[in-house]
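To start, the structure under review is shown below, and the notes come after it.
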Amino acid sequence: MRFAKRLSKIPPYAFVELDRRKKEKLLEGIDVIDLGVGDPDIPTPKFIIEAMKKAIDDPANHRYPFGRGKQELREAISSWYARRFGVSLDPGREIAVLIGSKEGLTHLPLALLDEGDTALIPDPGYPAYRSGVIFAGAKPVYFPLSPEDNYLPKVSSFPRRELDRTKLLFLNYPNNPTSAVANGNAFEEIVHWAHDNNVVVAHDAAYSELYSGEKPISFLQTPGAKEIGVEFHSFSKTFNMTGWRIGWICGNPDVINALSQIKENIDSGVFGAIQAAALVALTSPAAETEAGRMRDIYAERRNVLVPGLEKNGWHVFHSNATFYAWAGVPDSESDVLWAERLLEKWGIVATPGSALGEHGGGFVRFSLTQPVERIKQALDRMK
């Protein structure tokens, strides 16, 4: 058999490999503490599950859910954006529902890039950005996120020789894997640069609701952002709905039209019952209470993990956002060797930073997706 050459350009997906290694250890009878993949360990709230159960019985949800999503869900997203960020969105033109934000992020390059075009991707960063660009036949070009800049993007770090072919820029704040939070100045610099260079900005805001203290801002709050950019959101992290696969894109209507044209030829929309449950997630009075509870849980876990890592010699980047801790290794050994040691010696799964980009080398990402007692066990093993 002959397969597409593009497959050879894509390295193994880091998180699938981590899951495979974890399962091997479990089969060996090892008690594995998984601090690797960013998958919430806390179940979806019951009020969302009950809405789903009710929606499944509605025959209207048994048919193809064509289009950009239910009108009432897009209206709820618009209202949520206005309350949360003070951003006005037209539900008909500036919002489309996705089968999870990852699906939209990886399909967007098909709508924007031709062979020979380039897309700028943060390094370290979420591997799905790279995959989508390669699937589109375009070239991923990386720009560094450095601790000296608090992992914020700097237009001066964008490779100049590629700019004439660059049509798309990916951003992600609060950031995976570093947990850095962007400020208005960083976004303003990006907006000016994108206008000057006719580049579309795709901002991945999947972690915007995971914070303690000051609330992260939206890229679309920046003046002029909607003219050149879109923002992706997900129900996965905010409402512990990773397995449900639902998110949305909002912002520039022309970009949304282009992505919708791709999706019309690839999928038939999000299952109507899931959309109904997502609508309840955004509008129920219980939603904010549940979100606050989740933020408190992750803050408690962070307050255990970060000091514990530092006592064991790790150099942690301090942030109060996402559910990750980004930690420099205790010595001069590579992050891959440290990740191997964590798993083989202590039964702890963590993500080597170099799996997320060249500039992630020397760092390991720990997820706060285990109860406090399990995090304490992991720290005790490391001692």
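Scheme for the structure tokens: letters A, B, ... for chains in order shown; per-chain residue numbers from 1; ligand numbers from 1 in order shown.
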Residue contacts of Phe323 of chain A (9 Å, only C-alpha atoms) excluding same-chain residues fewer than 3 positions away, as number ranges by chain: A: 38, 40, 179, 207, 210-211, 298-299, 301-302, 320, 366-369
Alpha helix (DSSP H) residues, from DSSP on the backbone, in segment 160-201 of chain A, as a PyMOL selection string: chain A and resi 184-197
Which residue of A:Ser268, A:Thr118, A:Ser234, A:Thr283 approaches Ile246 of chain A most closely, using only C-alpha atoms: A:Ser234
Segment 147-362 of chain A: residues DSSP assigns to strand (DSSP E), reported as JSON, numbers by chain: {"A": [166, 167, 168, 169, 170, 171, 172, 200, 201, 202, 203, 204, 229, 230, 231, 232, 233, 234, 247, 248, 249, 250, 251, 315, 316, 324, 325, 326, 327, 328, 348, 349, 351, 352]}
Residues within 10 Å of Asn257 of chain A, only C-alpha atoms, excluding chain neighbours under 5 positions, as a list of chain:residue names: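 Near neighbours after the sequence-gap exclusion: A:Arg68, A:Arg93, A:Glu94, A:Ile95, A:Ala96, A:Ala111, A:Asn252, A:Ile262, A:Lys263.
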Can you write out the residues you just picked, keeping N, CA and C atoms, as a PDB file, in the first residue's frame?
```pdb
ATOM      1  N   ARG A  68     -23.940  25.940  11.470  1.00  0.00           N
ATOM      2  CA  ARG A  68     -22.936  26.496  12.374  1.00  0.00           C
ATOM      3  C   ARG A  68     -23.280  26.317  13.844  1.00  0.00           C
ATOM      4  N   ARG A  93     -23.236  35.749  12.278  1.00  0.00           N
ATOM      5  CA  ARG A  93     -22.088  35.910  11.390  1.00  0.00           C
ATOM      6  C   ARG A  93     -20.744  35.648  12.058  1.00  0.00           C
ATOM      7  N   GLU A  94     -20.681  35.819  13.360  1.00  0.00           N
ATOM      8  CA  GLU A  94     -19.376  35.844  14.019  1.00  0.00           C
ATOM      9  C   GLU A  94     -19.158  34.712  15.028  1.00  0.00           C
ATOM     10  N   ILE A  95     -19.990  33.668  14.970  1.00  0.00           N
ATOM     11  CA  ILE A  95     -19.853  32.514  15.865  1.00  0.00           C
ATOM     12  C   ILE A  95     -20.196  31.250  15.087  1.00  0.00           C
ATOM     13  N   ALA A  96     -19.403  30.196  15.282  1.00  0.00           N
ATOM     14  CA  ALA A  96     -19.733  28.877  14.738  1.00  0.00           C
ATOM     15  C   ALA A  96     -19.333  27.822  15.764  1.00  0.00           C
ATOM     16  N   ALA A 111      -8.582  26.115   5.222  1.00  0.00           N
ATOM     17  CA  ALA A 111      -9.364  27.232   4.685  1.00  0.00           C
ATOM     18  C   ALA A 111      -8.507  28.435   4.322  1.00  0.00           C
ATOM     19  N   ASN A 252     -13.766  37.256  13.353  1.00  0.00           N
ATOM     20  CA  ASN A 252     -13.875  37.733  11.978  1.00  0.00           C
ATOM     21  C   ASN A 252     -14.838  36.867  11.153  1.00  0.00           C
ATOM     22  N   ILE A 262     -15.183  24.640   4.725  1.00  0.00           N
ATOM     23  CA  ILE A 262     -14.431  23.399   4.882  1.00  0.00           C
ATOM     24  C   ILE A 262     -15.260  22.380   5.649  1.00  0.00           C
ATOM     25  N   LYS A 263     -15.835  22.807   6.778  1.00  0.00           N
ATOM     26  CA  LYS A 263     -16.563  21.886   7.638  1.00  0.00           C
ATOM     27  C   LYS A 263     -17.816  21.332   6.956  1.00  0.00           C
TER      28      LYS A 263
END
```
Best match for closeness to Leu120 of chain A among A:Thr166, A:Ser78, A:Asn312, A:Asn150, counting only C-alpha atoms: A:Thr166
As a tab-separated table (two decimals) with C-alpha atoms, in the first residue's frame, please: the residues near segment 236-240 of chain A (cut-off 9 Å, only C-alpha atoms, same-chain neighbours under 2 positions excluded).
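The resulting selection.tsv:
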```tsv
chain	number	residue	atom	x	y	z
A	38	GLY	CA	-4.39	17.78	30.32
A	39	ASP	CA	-7.62	15.85	30.85
A	40	PRO	CA	-9.69	16.90	33.88
A	41	ASP	CA	-10.13	14.12	36.44
A	42	ILE	CA	-13.34	15.63	37.84
A	43	PRO	CA	-16.61	14.52	36.18
A	44	THR	CA	-18.84	16.78	34.10
A	45	PRO	CA	-21.27	18.64	36.42
A	48	ILE	CA	-25.07	19.33	32.34
A	100	GLY	CA	-14.19	20.62	19.96
A	101	SER	CA	-11.77	23.52	19.49
A	206	ALA	CA	-9.27	27.08	25.77
A	207	TYR	CA	-7.88	27.87	29.25
A	208	SER	CA	-9.39	31.33	29.72
A	209	GLU	CA	-11.60	30.22	32.62
A	210	LEU	CA	-8.91	28.35	34.56
A	233	HIS	CA	-13.03	28.35	22.95
A	234	SER	CA	-13.79	24.94	24.36
A	242	THR	CA	-13.26	16.80	27.22
A	243	GLY	CA	-14.98	13.66	25.93
A	244	TRP	CA	-18.07	15.51	24.71
A	245	ARG	CA	-16.23	17.29	21.87
A	246	ILE	CA	-17.78	20.72	21.58
A	247	GLY	CA	-16.30	24.20	21.29
A	281	ALA	CA	-23.68	24.85	30.68
A	287	ALA	CA	-22.50	27.25	35.96
A	290	GLU	CA	-19.31	25.15	39.47
A	291	ALA	CA	-16.62	27.15	37.64
A	294	MET	CA	-13.14	24.13	39.87
A	322	THR	CA	-4.36	26.85	33.32
```
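Between atom CA of Asp296 of chain A and atom CA of Ala186 of chain A the interatomic distance comes to 27.7 Å.
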Nearest to Glu373 of chain A, chosen from A:Ser332, A:Gly125, A:Leu356, A:Val304, with only C-alpha atoms counted in the distances: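 Checking each of A:Ser332, A:Gly125, A:Leu356, A:Val304 against Glu373 of chain A, counting only C-alpha atoms, the winner is A:Val304.
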One-decimal distance in Å that lies between atom CA of Ala278 of chain A and atom CA of Pro91 of chain A: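 Distance reported for this atom pair: 15.5 Å.
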Residues at most 10 Å from Gly272 of chain A, counting only C-alpha atoms, excluding those fewer than 2 positions away in the same chain, as an mmCIF file with C-alpha atoms, in the first residue's frame?
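So around_34.cif came out as:
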```cif
data_model
loop_
_atom_site.group_PDB
_atom_site.id
_atom_site.type_symbol
_atom_site.label_atom_id
_atom_site.label_comp_id
_atom_site.auth_asym_id
_atom_site.auth_seq_id
_atom_site.Cartn_x
_atom_site.Cartn_y
_atom_site.Cartn_z
ATOM 1 C CA MET A 52 -27.955 15.806 27.969
ATOM 2 C CA ALA A 55 -32.045 16.191 25.073
ATOM 3 C CA ILE A 56 -31.331 12.644 23.883
ATOM 4 C CA ASP A 58 -35.912 14.744 21.756
ATOM 5 C CA PRO A 59 -36.392 13.328 18.216
ATOM 6 C CA ALA A 60 -35.273 16.656 16.756
ATOM 7 C CA ASN A 61 -31.768 15.834 17.981
ATOM 8 C CA HIS A 62 -31.683 12.511 16.115
ATOM 9 C CA ARG A 63 -31.225 14.128 12.701
ATOM 10 C CA TYR A 64 -28.228 15.706 11.015
ATOM 11 C CA PRO A 65 -27.250 18.878 12.923
ATOM 12 C CA PHE A 66 -26.168 20.773 9.800
ATOM 13 C CA GLY A 69 -24.709 25.349 15.497
ATOM 14 C CA LYS A 70 -28.108 25.885 17.076
ATOM 15 C CA GLY A 269 -22.140 19.356 12.787
ATOM 16 C CA VAL A 270 -22.224 18.654 16.513
ATOM 17 C CA ILE A 274 -24.563 17.825 23.066
ATOM 18 C CA GLN A 275 -25.372 21.330 21.851
ATOM 19 C CA ALA A 276 -28.409 21.381 24.143
ATOM 20 C CA ALA A 277 -26.245 20.377 27.100
ATOM 21 C CA ALA A 278 -23.671 23.038 26.177
#
```
Coordinates-based distance that separates atom CA of Gly251 of chain A from atom CA of Lys226 of chain A (Å, one decimal): 5.3 Å
Nearby residues (only C-alpha atoms) at most 12 Å from Leu35 of chain A, same-chain spacing under 5 positions excluded, as a PyMOL selection string: chain A and resi 15+18-19+22+40-41+301+305+323-326+339+342-343+347-352+364-372+374-379
Shell around Pro330 of chain A at 10 Å using only C-alpha atoms, local window under 3 positions removed, as a PyMOL selection string: chain A and resi 309-310+312-315+327+333-335+338+362-363
Which of A:Glu340, A:Asp164, A:Gly92, A:Lys345 sits closest to Arg21 of chain A [using only C-alpha atoms]: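 Closest to Arg21 of chain A of all the choices is A:Glu340.
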